[in-house]
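File shown here: input_6.txt, holding compact mmCIF, C-alpha atoms.
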# COMPACT_ATOMS: atom_id res chain seq x y z
CA MET Y 9 98.27 40.34 -70.74
CA LYS Y 10 101.02 39.45 -68.27
CA GLU Y 11 101.42 41.71 -65.23
CA ILE Y 12 104.86 43.23 -64.65
CA TYR Y 13 105.29 44.89 -61.27
CA LEU Y 14 108.14 47.43 -61.05
CA ASP Y 15 107.05 49.45 -58.02
CA ASN Y 16 108.90 47.45 -55.39
CA SER Y 17 110.09 50.51 -53.48
CA ALA Y 18 106.43 51.22 -52.68
CA THR Y 19 105.72 47.67 -51.57
CA THR Y 20 106.66 44.13 -52.54
CA PRO Y 21 104.69 40.94 -53.18
CA LEU Y 22 104.93 38.43 -50.34
CA TYR Y 23 107.21 35.43 -50.49
CA PRO Y 24 105.06 32.27 -50.83
CA GLU Y 25 106.73 30.91 -47.69
CA VAL Y 26 105.61 34.00 -45.77
CA ILE Y 27 102.01 33.56 -46.91
CA THR Y 28 102.08 29.92 -45.79
CA LEU Y 29 103.50 30.81 -42.38
CA MET Y 30 101.04 33.65 -41.78
CA ASN Y 31 98.06 31.47 -42.69
CA ARG Y 32 99.26 28.86 -40.20
CA VAL Y 33 99.74 31.47 -37.49
CA GLN Y 34 96.28 32.93 -38.08
CA GLU Y 35 94.72 29.49 -37.79
CA LEU Y 36 96.71 27.95 -34.95
CA THR Y 37 98.69 30.57 -33.00
CA PHE Y 38 96.05 33.23 -32.39
CA GLY Y 39 96.60 33.65 -28.66
CA ASN Y 40 97.49 36.97 -27.03
CA PRO Y 41 101.29 36.95 -26.61
CA SER Y 42 100.87 38.43 -23.11
CA ALA Y 43 98.60 35.61 -21.94
CA MET Y 44 100.08 33.07 -19.51
CA HIS Y 45 98.44 29.98 -21.02
CA GLU Y 46 99.78 27.75 -23.77
CA LYS Y 47 98.24 29.71 -26.65
CA GLY Y 48 99.81 32.93 -25.41
CA ILE Y 49 103.20 31.34 -24.81
CA ALA Y 50 103.18 29.89 -28.34
CA ALA Y 51 102.49 33.34 -29.79
CA GLU Y 52 105.25 34.88 -27.65
CA LYS Y 53 107.72 32.28 -28.93
CA LEU Y 54 106.89 33.24 -32.51
CA ILE Y 55 107.52 36.90 -31.76
CA ASN Y 56 110.82 36.17 -30.05
CA ALA Y 57 111.91 34.00 -32.98
CA ALA Y 58 111.09 36.85 -35.37
CA ARG Y 59 113.03 39.26 -33.15
CA ARG Y 60 116.11 37.06 -33.47
CA GLN Y 61 115.67 36.79 -37.24
CA VAL Y 62 115.45 40.55 -37.70
CA ALA Y 63 118.30 41.20 -35.26
CA HIS Y 64 120.53 38.76 -37.14
CA VAL Y 65 120.11 40.72 -40.38
CA LEU Y 66 120.83 43.97 -38.52
CA GLY Y 67 123.80 42.44 -36.73
CA VAL Y 68 122.50 43.47 -33.30
CA SER Y 69 121.08 41.95 -30.14
CA GLY Y 70 117.44 40.87 -30.24
CA GLN Y 71 116.93 42.65 -26.92
CA GLU Y 72 117.45 45.94 -28.78
CA VAL Y 73 114.74 45.34 -31.42
CA VAL Y 74 111.27 46.83 -30.83
CA PHE Y 75 108.49 45.79 -33.19
CA THR Y 76 106.22 48.52 -34.58
CA SER Y 77 103.40 48.73 -37.12
CA GLY Y 78 105.90 49.71 -39.84
CA GLY Y 79 108.60 52.14 -40.89
CA THR Y 80 106.47 55.22 -40.28
CA GLU Y 81 105.84 54.36 -36.65
CA ALA Y 82 109.49 53.39 -36.16
CA ASN Y 83 110.56 56.79 -37.52
CA ASN Y 84 108.06 58.59 -35.30
CA LEU Y 85 109.20 56.68 -32.22
CA ALA Y 86 112.87 57.39 -32.94
CA ILE Y 87 112.52 61.08 -33.80
CA CYS Y 88 109.71 62.27 -31.56
CA GLY Y 89 110.65 59.91 -28.74
CA GLY Y 90 114.32 60.88 -28.89
CA ALA Y 91 113.72 64.62 -29.18
CA ARG Y 92 111.21 64.77 -26.32
CA ARG Y 93 113.20 62.55 -23.97
CA ASN Y 94 116.34 64.65 -24.36
CA ARG Y 95 114.80 68.11 -24.50
CA LYS Y 96 116.41 69.19 -21.23
CA ARG Y 97 119.80 68.88 -22.95
CA GLY Y 98 118.77 70.89 -26.00
CA ASN Y 99 116.05 71.53 -28.54
CA HIS Y 100 118.00 71.53 -31.80
CA LEU Y 101 117.49 68.76 -34.38
CA ILE Y 102 118.99 68.06 -37.83
CA THR Y 103 117.73 66.22 -40.91
CA THR Y 104 117.91 66.59 -44.70
CA VAL Y 105 115.47 68.13 -47.16
CA PHE Y 106 114.88 64.90 -49.06
CA GLU Y 107 113.93 62.48 -46.30
CA HIS Y 108 110.82 60.34 -46.45
CA PRO Y 109 107.59 62.16 -45.46
CA SER Y 110 107.34 60.06 -42.29
CA VAL Y 111 110.60 61.69 -41.19
CA LEU Y 112 110.07 65.23 -42.49
CA ASN Y 113 106.59 65.49 -41.02
CA CYS Y 114 107.91 64.42 -37.61
CA PHE Y 115 110.32 67.35 -37.65
CA ARG Y 116 107.64 69.76 -38.82
CA TYR Y 117 105.43 68.59 -35.96
CA LEU Y 118 108.27 69.01 -33.47
CA GLU Y 119 108.84 72.55 -34.75
CA ARG Y 120 105.30 73.32 -33.59
CA GLU Y 121 106.34 72.05 -30.16
CA GLY Y 122 109.17 74.60 -30.08
CA PHE Y 123 112.08 72.56 -31.40
CA LYS Y 124 114.50 74.16 -33.84
CA VAL Y 125 115.30 72.10 -36.93
CA SER Y 126 118.12 72.46 -39.47
CA TYR Y 127 117.27 70.98 -42.89
CA LEU Y 128 120.45 70.15 -44.80
CA PRO Y 129 120.36 70.63 -48.60
CA VAL Y 130 121.56 67.93 -50.99
CA ASN Y 131 123.42 68.08 -54.30
CA ARG Y 132 122.30 66.69 -57.67
CA SER Y 133 123.23 63.19 -56.52
CA GLY Y 134 121.37 63.51 -53.23
CA LEU Y 135 124.46 63.81 -51.03
CA ILE Y 136 124.90 66.24 -48.15
CA ASP Y 137 127.89 68.48 -47.42
CA LEU Y 138 129.67 66.96 -44.41
CA GLU Y 139 131.25 70.31 -43.51
CA MET Y 140 127.79 71.87 -43.37
CA LEU Y 141 126.61 69.04 -41.12
CA GLN Y 142 129.57 69.61 -38.81
CA TYR Y 143 128.86 73.34 -38.72
CA GLU Y 144 125.18 72.82 -37.82
CA ILE Y 145 125.85 70.49 -34.87
CA THR Y 146 126.04 72.28 -31.52
CA LEU Y 147 125.88 71.30 -27.86
CA ALA Y 148 122.12 71.79 -28.13
CA THR Y 149 121.77 69.26 -30.96
CA THR Y 150 120.12 66.18 -29.48
CA LEU Y 151 119.24 64.21 -32.61
CA VAL Y 152 120.24 63.87 -36.27
CA SER Y 153 118.11 61.77 -38.65
CA ILE Y 154 119.50 60.83 -42.09
CA MET Y 155 118.28 58.03 -44.33
CA HIS Y 156 120.51 55.27 -45.66
CA VAL Y 157 118.90 54.96 -49.13
CA ASN Y 158 116.62 57.53 -50.69
CA ASN Y 159 113.36 55.90 -51.75
CA GLU Y 160 112.91 57.91 -54.96
CA ILE Y 161 116.36 58.22 -56.57
CA GLY Y 162 118.36 55.50 -54.78
CA THR Y 163 121.13 57.66 -53.29
CA VAL Y 164 123.19 55.69 -50.76
CA LEU Y 165 124.32 58.06 -48.01
CA PRO Y 166 127.86 57.61 -46.54
CA LEU Y 167 126.64 56.84 -43.04
CA ALA Y 168 130.02 55.91 -41.55
CA ALA Y 169 131.40 59.33 -42.48
CA ILE Y 170 128.21 61.03 -41.30
CA GLY Y 171 128.26 59.20 -37.98
CA GLN Y 172 131.90 60.14 -37.48
CA VAL Y 173 131.11 63.84 -37.98
CA ILE Y 174 128.16 63.72 -35.58
CA LYS Y 175 129.90 61.92 -32.74
CA ALA Y 176 133.15 63.88 -33.09
CA LYS Y 177 131.28 67.17 -32.74
CA ASN Y 178 128.81 66.09 -30.05
CA PRO Y 179 129.06 62.51 -28.73
CA ARG Y 180 125.69 62.84 -26.96
CA THR Y 181 123.77 63.59 -30.16
CA LEU Y 182 121.56 60.66 -31.14
CA PHE Y 183 122.00 59.41 -34.71
CA HIS Y 184 118.87 57.94 -36.29
CA VAL Y 185 118.95 56.11 -39.62
CA ASP Y 186 115.87 55.39 -41.74
CA ALA Y 187 116.93 52.08 -43.31
CA VAL Y 188 113.53 51.14 -44.72
CA GLN Y 189 114.86 50.97 -48.30
CA SER Y 190 118.12 49.23 -47.43
CA PHE Y 191 117.26 46.67 -44.73
CA ALA Y 192 118.06 43.16 -46.06
CA LYS Y 193 119.06 44.70 -49.41
CA LEU Y 194 122.42 46.31 -48.55
CA PRO Y 195 124.85 45.58 -45.71
CA LEU Y 196 123.98 47.50 -42.54
CA ASP Y 197 126.66 48.33 -39.98
CA PRO Y 198 125.27 50.08 -36.88
CA GLU Y 199 128.63 50.02 -35.11
CA ARG Y 200 130.65 51.54 -37.95
CA TRP Y 201 127.89 54.11 -38.54
CA GLN Y 202 127.88 54.93 -34.79
CA ALA Y 203 124.09 54.86 -35.10
CA ASP Y 204 121.80 54.82 -32.07
CA LEU Y 205 118.47 54.14 -33.80
CA ILE Y 206 117.59 52.32 -37.04
CA SER Y 207 114.12 52.00 -38.60
CA CYS Y 208 113.15 49.02 -40.77
CA SER Y 209 110.02 47.80 -42.52
CA SER Y 210 108.58 44.43 -43.48
CA HIS Y 211 106.64 45.12 -46.66
CA LYS Y 212 109.70 46.37 -48.57
CA ILE Y 213 111.34 42.92 -48.31
CA HIS Y 214 108.46 40.62 -49.35
CA GLY Y 215 106.93 40.57 -45.87
CA PRO Y 216 103.48 41.77 -44.81
CA LYS Y 217 102.31 45.32 -44.29
CA GLY Y 218 101.64 46.28 -40.69
CA ALA Y 219 105.03 45.27 -39.29
CA GLY Y 220 108.34 47.04 -38.85
CA CYS Y 221 110.89 47.63 -36.14
CA LEU Y 222 113.13 50.15 -34.47
CA TRP Y 223 116.58 49.12 -33.33
CA ILE Y 224 117.40 51.03 -30.15
CA ARG Y 225 121.01 50.88 -29.04
CA LYS Y 226 121.30 49.67 -25.45
CA GLY Y 227 121.24 52.65 -23.11
CA THR Y 228 119.44 54.97 -25.55
CA GLN Y 229 116.49 56.68 -23.88
CA LEU Y 230 113.23 57.46 -25.73
CA ASP Y 231 109.76 58.59 -24.72
CA PRO Y 232 107.22 56.05 -26.01
CA LEU Y 233 104.45 57.19 -28.31
CA PHE Y 234 101.85 54.84 -26.78
CA HIS Y 235 101.01 54.14 -23.16
CA GLY Y 236 99.36 50.93 -22.07
CA GLY Y 237 100.41 47.43 -21.10
CA GLY Y 238 104.14 47.94 -21.55
CA GLN Y 239 104.68 45.49 -24.40
CA GLU Y 240 107.90 45.61 -26.44
CA MET Y 241 110.06 46.49 -23.43
CA GLY Y 242 107.77 49.42 -22.62
CA MET Y 243 108.54 51.12 -25.92
CA ARG Y 244 105.44 50.06 -27.85
CA SER Y 245 102.38 49.22 -25.78
CA GLY Y 246 99.56 47.32 -27.45
CA THR Y 247 98.93 43.69 -28.26
CA GLU Y 248 101.52 42.59 -30.79
CA ASN Y 249 100.47 41.68 -34.33
CA THR Y 250 101.79 38.15 -34.07
CA THR Y 251 100.89 37.15 -37.63
CA ALA Y 252 102.58 40.14 -39.28
CA ILE Y 253 105.61 39.98 -36.99
CA ALA Y 254 106.14 36.28 -37.73
CA GLY Y 255 105.89 37.05 -41.45
CA PHE Y 256 108.36 39.92 -41.04
CA GLY Y 257 110.84 37.63 -39.31
CA LEU Y 258 110.70 35.01 -42.04
CA ALA Y 259 110.94 37.64 -44.81
CA ALA Y 260 114.01 39.11 -43.07
CA GLN Y 261 115.61 35.68 -42.86
CA LEU Y 262 114.90 34.84 -46.50
CA SER Y 263 116.00 38.23 -47.86
CA GLY Y 264 118.97 38.53 -45.53
CA SER Y 265 120.37 35.09 -46.35
CA ALA Y 266 120.21 35.85 -50.09
CA GLN Y 267 121.14 39.54 -49.81
CA SER Y 268 124.26 39.53 -52.00
CA ASP Y 269 122.69 37.40 -54.73
CA GLN Y 270 119.50 39.45 -54.73
CA ALA Y 271 121.43 42.72 -54.92
CA ALA Y 272 123.42 41.41 -57.90
CA THR Y 273 120.18 40.31 -59.56
CA MET Y 274 118.60 43.73 -59.12
CA VAL Y 275 121.68 45.50 -60.51
CA ALA Y 276 121.52 43.24 -63.56
CA LEU Y 277 117.81 44.00 -64.00
CA LYS Y 278 118.39 47.74 -63.70
CA ASN Y 279 121.21 47.66 -66.25
CA ALA Y 280 119.11 45.58 -68.62
CA PHE Y 281 116.26 48.08 -68.37
CA ILE Y 282 118.57 51.01 -69.19
CA LYS Y 283 120.20 49.08 -72.06
CA GLU Y 284 116.84 48.28 -73.65
CA ILE Y 285 115.60 51.89 -73.39
CA GLU Y 286 118.83 53.05 -75.05
CA LYS Y 287 118.50 50.36 -77.71
CA GLN Y 288 115.02 51.64 -78.51
CA GLY Y 289 116.42 55.13 -79.13
CA ILE Y 290 114.41 56.84 -76.40
CA ALA Y 291 115.86 60.04 -74.89
CA PHE Y 292 116.00 60.04 -71.11
CA SER Y 293 118.06 61.32 -68.20
CA ILE Y 294 118.85 59.62 -64.92
CA ASN Y 295 117.78 61.45 -61.77
CA GLY Y 296 120.22 61.41 -58.89
CA PRO Y 297 123.40 59.32 -58.73
CA ASN Y 298 124.79 57.22 -61.54
CA PRO Y 299 123.25 53.72 -61.41
CA GLU Y 300 126.51 52.12 -60.27
CA ASN Y 301 126.58 54.41 -57.21
CA ALA Y 302 122.90 53.99 -56.36
CA ALA Y 303 120.96 51.35 -54.47
CA PRO Y 304 120.52 48.24 -56.62
CA GLN Y 305 116.73 48.32 -56.74
CA ILE Y 306 115.92 51.95 -57.65
CA LEU Y 307 116.06 53.75 -61.00
CA SER Y 308 114.54 57.21 -61.54
CA LEU Y 309 114.30 58.36 -65.16
CA ALA Y 310 113.04 61.60 -66.69
CA PHE Y 311 111.46 61.52 -70.14
CA SER Y 312 111.44 65.18 -71.13
CA GLY Y 313 108.24 66.39 -72.77
CA PHE Y 314 105.98 63.67 -71.36
CA LYS Y 315 103.84 63.99 -68.23
CA ALA Y 316 104.76 61.32 -65.68
CA GLU Y 317 101.15 60.68 -64.73
CA LEU Y 318 100.17 60.08 -68.36
CA LEU Y 319 103.09 57.72 -68.84
CA LEU Y 320 102.27 55.87 -65.62
CA HIS Y 321 98.65 55.23 -66.58
CA SER Y 322 99.55 54.37 -70.17
CA LEU Y 323 101.92 51.71 -68.84
CA GLU Y 324 99.26 50.54 -66.38
CA GLU Y 325 96.98 49.84 -69.35
CA LYS Y 326 99.71 47.42 -70.50
CA ASN Y 327 99.76 45.81 -67.02
CA ILE Y 328 103.11 47.42 -66.16
CA TYR Y 329 103.17 49.06 -62.74
CA VAL Y 330 105.65 51.84 -61.90
CA SER Y 331 105.65 54.99 -59.79
CA ALA Y 332 105.86 58.74 -60.31
CA GLY Y 333 107.32 59.29 -56.83
CA SER Y 334 106.86 58.14 -53.25
CA ALA Y 335 103.65 56.15 -52.82
CA CYS Y 336 103.86 56.79 -49.08
CA HIS Y 337 103.13 60.52 -49.43
CA SER Y 338 99.61 60.55 -50.83
CA ARG Y 339 97.62 59.77 -53.92
CA HIS Y 340 97.45 63.46 -54.78
CA SER Y 341 99.55 64.61 -57.72
CA LYS Y 342 102.26 66.86 -56.28
CA PRO Y 343 105.78 67.62 -57.47
CA SER Y 344 108.27 65.31 -55.78
CA HIS Y 345 110.06 67.07 -52.93
CA VAL Y 346 113.04 64.77 -53.57
CA LEU Y 347 113.37 65.74 -57.22
CA LYS Y 348 112.94 69.40 -56.29
CA ALA Y 349 115.65 69.02 -53.63
CA ILE Y 350 118.21 67.79 -56.18
CA GLY Y 351 117.44 70.79 -58.40
CA LEU Y 352 115.50 69.27 -61.27
CA GLN Y 353 113.91 71.73 -63.69
CA ASP Y 354 110.11 71.68 -63.92
CA ASP Y 355 110.08 69.82 -67.24
CA LEU Y 356 112.14 66.95 -65.84
CA LEU Y 357 110.44 67.16 -62.46
CA ASN Y 358 107.05 66.49 -64.05
CA SER Y 359 108.22 63.81 -66.47
CA SER Y 360 110.01 61.43 -64.08
CA LEU Y 361 109.13 57.82 -63.36
CA ARG Y 362 110.62 55.51 -60.75
CA PHE Y 363 111.23 51.91 -61.75
CA SER Y 364 112.04 49.77 -58.72
CA PHE Y 365 113.03 46.14 -59.00
CA SER Y 366 113.06 43.04 -56.85
CA ALA Y 367 114.77 39.68 -57.12
CA LEU Y 368 111.35 38.21 -57.95
CA ASN Y 369 111.34 40.10 -61.27
CA SER Y 370 112.70 38.21 -64.27
CA LEU Y 371 115.13 39.55 -66.85
CA GLU Y 372 112.57 38.76 -69.56
CA ASP Y 373 109.87 40.79 -67.82
CA VAL Y 374 112.12 43.78 -67.14
CA THR Y 375 113.34 43.84 -70.76
CA LEU Y 376 109.73 43.63 -71.96
CA ALA Y 377 108.74 46.47 -69.60
CA ALA Y 378 111.51 48.65 -71.02
CA HIS Y 379 110.41 47.82 -74.56
CA LYS Y 380 106.79 48.66 -73.72
CA THR Y 381 107.91 51.92 -72.07
CA ALA Y 382 109.71 52.92 -75.26
CA GLU Y 383 106.72 51.87 -77.34
CA THR Y 384 104.41 53.96 -75.15
CA ILE Y 385 106.60 57.04 -75.45
CA ARG Y 386 106.78 56.71 -79.25
CA HIS Y 387 102.98 56.35 -79.40
CA LEU Y 388 102.40 59.41 -77.19
CA LYS Y 389 104.89 61.41 -79.23
CA THR Y 390 102.96 60.56 -82.39
CA LEU Y 391 99.72 61.74 -80.78
CA ILE Y 392 101.33 64.98 -79.63
CA ASN Y 393 102.71 65.71 -83.10
CA GLN Y 394 99.41 65.10 -84.89
Here is the file; what I need is its structure written in the form of structure tokens.
Amino acid sequence: MKEIYLDNSATTPLYPEVITLMNRVQELTFGNPSAMHEKGIAAEKLINAARRQVAHVLGVSGQEVVFTSGGTEANNLAICGGARRNRKRGNHLITTVFEHPSVLNCFRYLEREGFKVSYLPVNRSGLIDLEMLQYEITLATTLVSIMHVNNEIGTVLPLAAIGQVIKAKNPRTLFHVDAVQSFAKLPLDPERWQADLISCSSHKIHGPKGAGCLWIRKGTQLDPLFHGGGQEMGMRSGTENTTAIAGFGLAAQLSGSAQSDQAATMVALKNAFIKEIEKQGIAFSINGPNPENAAPQILSLAFSGFKAELLLHSLEEKNIYVSAGSACHSRHSKPSHVLKAIGLQDDLLNSSLRFSFSALNSLEDVTLAAHKTAETIRHLKTLINQ
């Protein structure tokens, strides 16, 4: 039975070109990038090339890009590093209630260090109240962290408007953006957003796991998380993962150069999935924003009366892979904090699946997956009614 993978917000399959490059790097360019001999210099050149590739997609200078082990570390470096470095100016921080766990858990940890955190609520579409944000910002607010795209329901936050509110109220407040779900998928505009820090990840764009980056606006001061040899401009000590970083750079180049076409493809796939479910006469509701206002790759649907976990494993038996929430949280079955934040009732909360697409999916496969989803729901309904 053919495998259909629709969990691309959790991770993506690697581009074949990335696999080829990484194999070549592992075999031939294995030197320590800090070494002064030819092998080390060759590895350093690969890292610098990847830095330029990633910076090009971000529209920033390569000198402002620090490589990390992934989005989680980038978020930790931005939030914990920014809060601690600027604590003499204030100990108040702001985020939203539906951020990724790698952001929320940073703030919870900082609360134990004595920081005060304001958690902004969101509406049914996952949007914050800008007037509430403005009200919460004070002279003691040193950092605000708000994601660009929500990983579970696909909300696209209006970052230009958010950045304007932040900087108008307190120009010294750092603005961090978790762009893990939008990097190389949607246009990013650090200048218009007035952002100071942006986190990105490799394995969401058909690159390898174990690589990510943090863009740090020139002049922004952070405390590093690691102390050692001073790699990555002193922001991330430790021998660089040359293989993963090279793969990240190529994945960024390939995804970034085809960004508009890939986004259009994913919108078409999402619409085709919805159309087929409707055609099959299956009742469902869309969680979060309307599809046309959401990120192109993410679709969260609630099938009232059916447990999400049962649906997920029933689809897995048909070689169709989807998600019941954020795979980055844990493997334990817990209600989604994102779906709770947008006010879903328990029935819908426990019956929601996330279908997330990539440009490597075909229209045929996505339509088949929707058909099989409808077939599975009809079969389960028959069993329930027996």
Inset, instruction - Skip Leu323 (chain Y) itself and residues of its chain fewer than 5 positions away, then list as a VMD selection string all residues within 12 Å of it, counting all atoms listed in the file. - result: chain Y and resid 11 to 14 316 to 318 328 to 332 361 363 376 to 385 387 to 388
Which region 341-389 of chain Y residues have any atom within 12 Å of an atom of region 122-142 of chain Y, and for each, what is the nearest pair of atoms with distance in Å to one decimal, counting only C-alpha atoms, rows sorted by chain and number, as a tab-separated table?
residue	atom	partner	partner_atom	distance
Y:His345	CA	Y:Val130	CA	11.7
Y:Val346	CA	Y:Gly134	CA	8.4
Y:Leu347	CA	Y:Arg132	CA	9.0
Y:Lys348	CA	Y:Arg132	CA	9.8
Y:Ala349	CA	Y:Val130	CA	6.6
Y:Ile350	CA	Y:Arg132	CA	4.5
Y:Gly351	CA	Y:Arg132	CA	6.4
Y:Leu352	CA	Y:Arg132	CA	8.1
Y:Gln353	CA	Y:Arg132	CA	11.5
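Checking Y:Arg95, Y:Lys193, Y:Arg225, Y:Arg244 one by one against Lys212 (chain Y), counting all atoms listed in the file, you find the shortest gap at Y:Lys193.
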Inset, instruction - Extract, using all atoms listed in the file, all DNA, RNA and protein residues at most 6 Å from Leu151 (chain Y), discarding same-chain residues fewer than 6 positions from it, and format them as a count of residues only. - result: 4
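Restricting the calculation to all atoms listed in the file, the smallest distance between Leu54 (chain Y) and any of Y:Gly67, Y:Pro299, Y:Gly39, Y:Gly89 is found for Y:Gly39.
Of the listed residues Y:Met243, Y:Ala51, Y:Gly218, Y:Val157, the one whose atoms come nearest to Pro195 (chain Y) is Y:Val157, with distances taken using only C-alpha atoms.
Ranking Y:Leu391, Y:Asp355, Y:Ser210, Y:Ala266 by their shortest atom-to-atom distance to Phe75 (chain Y), with all atoms listed in the file included, puts Y:Ser210 first.
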Legend entry - Shell of 12 Å around Gly48 (chain Y), only C-alpha atoms, local chain residues under 3 positions omitted, as number ranges by chain: Y: 36-45, 51-55, 247-248, 250
Enumerate, in order of chain and increasing residue number, the residues of region 176-255 of chain Y with an atom no farther than 6 Å from region 21-32 of chain Y, each with its shortest atom pair and distance in Å to one decimal, counting all atoms listed in the file, as JSON lines.
{"residue": "Y:His214", "atom": "CA", "partner": "Y:Leu22", "partner_atom": "CA", "distance": 4.3}
{"residue": "Y:Gly215", "atom": "CA", "partner": "Y:Leu22", "partner_atom": "CA", "distance": 5.3}
{"residue": "Y:Thr251", "atom": "CA", "partner": "Y:Met30", "partner_atom": "CA", "distance": 5.4}
{"residue": "Y:Gly255", "atom": "CA", "partner": "Y:Val26", "partner_atom": "CA", "distance": 5.3}
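With distances restricted to all atoms listed in the file, Y:Asn83 is the closest residue to Leu205 (chain Y) from Y:Lys10, Y:Asn178, Y:Asn83, Y:Lys217.
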Once you count only C-alpha atoms, what closest atom pair and distance in Å to one decimal does each residue of region 140-209 of chain Y within 10 Å of region 307-313 of chain Y have, with rows by chain and rising residue number, as JSON lines?
{"residue": "Y:Asn159", "atom": "CA", "partner": "Y:Leu307", "partner_atom": "CA", "distance": 9.9}
{"residue": "Y:Glu160", "atom": "CA", "partner": "Y:Ser308", "partner_atom": "CA", "distance": 6.8}
{"residue": "Y:Ile161", "atom": "CA", "partner": "Y:Ser308", "partner_atom": "CA", "distance": 5.4}
{"residue": "Y:Gly162", "atom": "CA", "partner": "Y:Leu307", "partner_atom": "CA", "distance": 6.9}
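Of the residues listed (Y:Thr104, Y:Asn113, Y:Asn358, Y:Gln189), Y:Gln189 shows the shortest atom-to-atom separation from Ile306 (chain Y); distances use all atoms listed in the file.
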Legend entry - d(CA of Thr390 (chain Y), CA of Lys287 (chain Y)) in Å: 19.2 Å
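Separating CA of Leu368 (chain Y) from CA of Lys283 (chain Y) is a distance of 19.9 Å.
Note that the spacing between CA of Arg59 (chain Y) and CA of Cys88 (chain Y) amounts to 23.3 Å.
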From the coordinates supplied, region 286-303 of chain Y should be written with N, CA and C atoms, as an mmCIF file, in the first residue's frame.
data_model
loop_
_atom_site.group_PDB
_atom_site.id
_atom_site.type_symbol
_atom_site.label_atom_id
_atom_site.label_comp_id
_atom_site.auth_asym_id
_atom_site.auth_seq_id
_atom_site.Cartn_x
_atom_site.Cartn_y
_atom_site.Cartn_z
ATOM 1 N N GLU Y 286 -15.693 17.095 1.652
ATOM 2 C CA GLU Y 286 -17.073 17.590 1.466
ATOM 3 C C GLU Y 286 -17.834 16.710 0.479
ATOM 4 N N LYS Y 287 -17.162 16.339 -0.589
ATOM 5 C CA LYS Y 287 -17.776 15.488 -1.609
ATOM 6 C C LYS Y 287 -18.220 14.150 -1.028
ATOM 7 N N GLN Y 288 -17.460 13.665 -0.066
ATOM 8 C CA GLN Y 288 -17.757 12.375 0.562
ATOM 9 C C GLN Y 288 -18.865 12.480 1.616
ATOM 10 N N GLY Y 289 -19.332 13.699 1.865
ATOM 11 C CA GLY Y 289 -20.444 13.895 2.799
ATOM 12 C C GLY Y 289 -20.081 13.742 4.259
ATOM 13 N N ILE Y 290 -18.820 13.991 4.591
ATOM 14 C CA ILE Y 290 -18.352 13.871 5.975
ATOM 15 C C ILE Y 290 -18.497 15.218 6.682
ATOM 16 N N ALA Y 291 -19.086 15.207 7.875
ATOM 17 C CA ALA Y 291 -19.223 16.443 8.663
ATOM 18 C C ALA Y 291 -17.904 16.764 9.354
ATOM 19 N N PHE Y 292 -17.490 18.007 9.254
ATOM 20 C CA PHE Y 292 -16.258 18.454 9.904
ATOM 21 C C PHE Y 292 -16.335 19.943 10.147
ATOM 22 N N SER Y 293 -15.455 20.433 11.005
ATOM 23 C CA SER Y 293 -15.309 21.881 11.189
ATOM 24 C C SER Y 293 -13.834 22.222 11.128
ATOM 25 N N ILE Y 294 -13.552 23.419 10.670
ATOM 26 C CA ILE Y 294 -12.166 23.875 10.543
ATOM 27 C C ILE Y 294 -11.766 24.621 11.812
ATOM 28 N N ASN Y 295 -10.659 24.213 12.395
ATOM 29 C CA ASN Y 295 -10.146 24.879 13.598
ATOM 30 C C ASN Y 295 -9.296 26.077 13.202
ATOM 31 N N GLY Y 296 -9.543 27.205 13.856
ATOM 32 C CA GLY Y 296 -8.727 28.381 13.597
ATOM 33 C C GLY Y 296 -9.234 29.199 12.432
ATOM 34 N N PRO Y 297 -8.329 29.855 11.703
ATOM 35 C CA PRO Y 297 -8.752 30.765 10.633
ATOM 36 C C PRO Y 297 -9.309 30.010 9.440
ATOM 37 N N ASN Y 298 -10.058 30.723 8.609
ATOM 38 C CA ASN Y 298 -10.491 30.154 7.333
ATOM 39 C C ASN Y 298 -9.256 29.788 6.511
ATOM 40 N N PRO Y 299 -9.331 28.719 5.727
ATOM 41 C CA PRO Y 299 -8.146 28.270 4.975
ATOM 42 C C PRO Y 299 -7.468 29.356 4.151
ATOM 43 N N GLU Y 300 -8.260 30.264 3.558
ATOM 44 C CA GLU Y 300 -7.651 31.305 2.724
ATOM 45 C C GLU Y 300 -6.850 32.318 3.533
ATOM 46 N N ASN Y 301 -7.090 32.383 4.848
ATOM 47 C CA ASN Y 301 -6.347 33.313 5.704
ATOM 48 C C ASN Y 301 -5.247 32.619 6.505
ATOM 49 N N ALA Y 302 -5.089 31.322 6.290
ATOM 50 C CA ALA Y 302 -4.116 30.543 7.062
ATOM 51 C C ALA Y 302 -2.855 30.290 6.238
ATOM 52 N N ALA Y 303 -1.839 29.769 6.894
ATOM 53 C CA ALA Y 303 -0.626 29.361 6.187
ATOM 54 C C ALA Y 303 -0.985 28.290 5.161
#
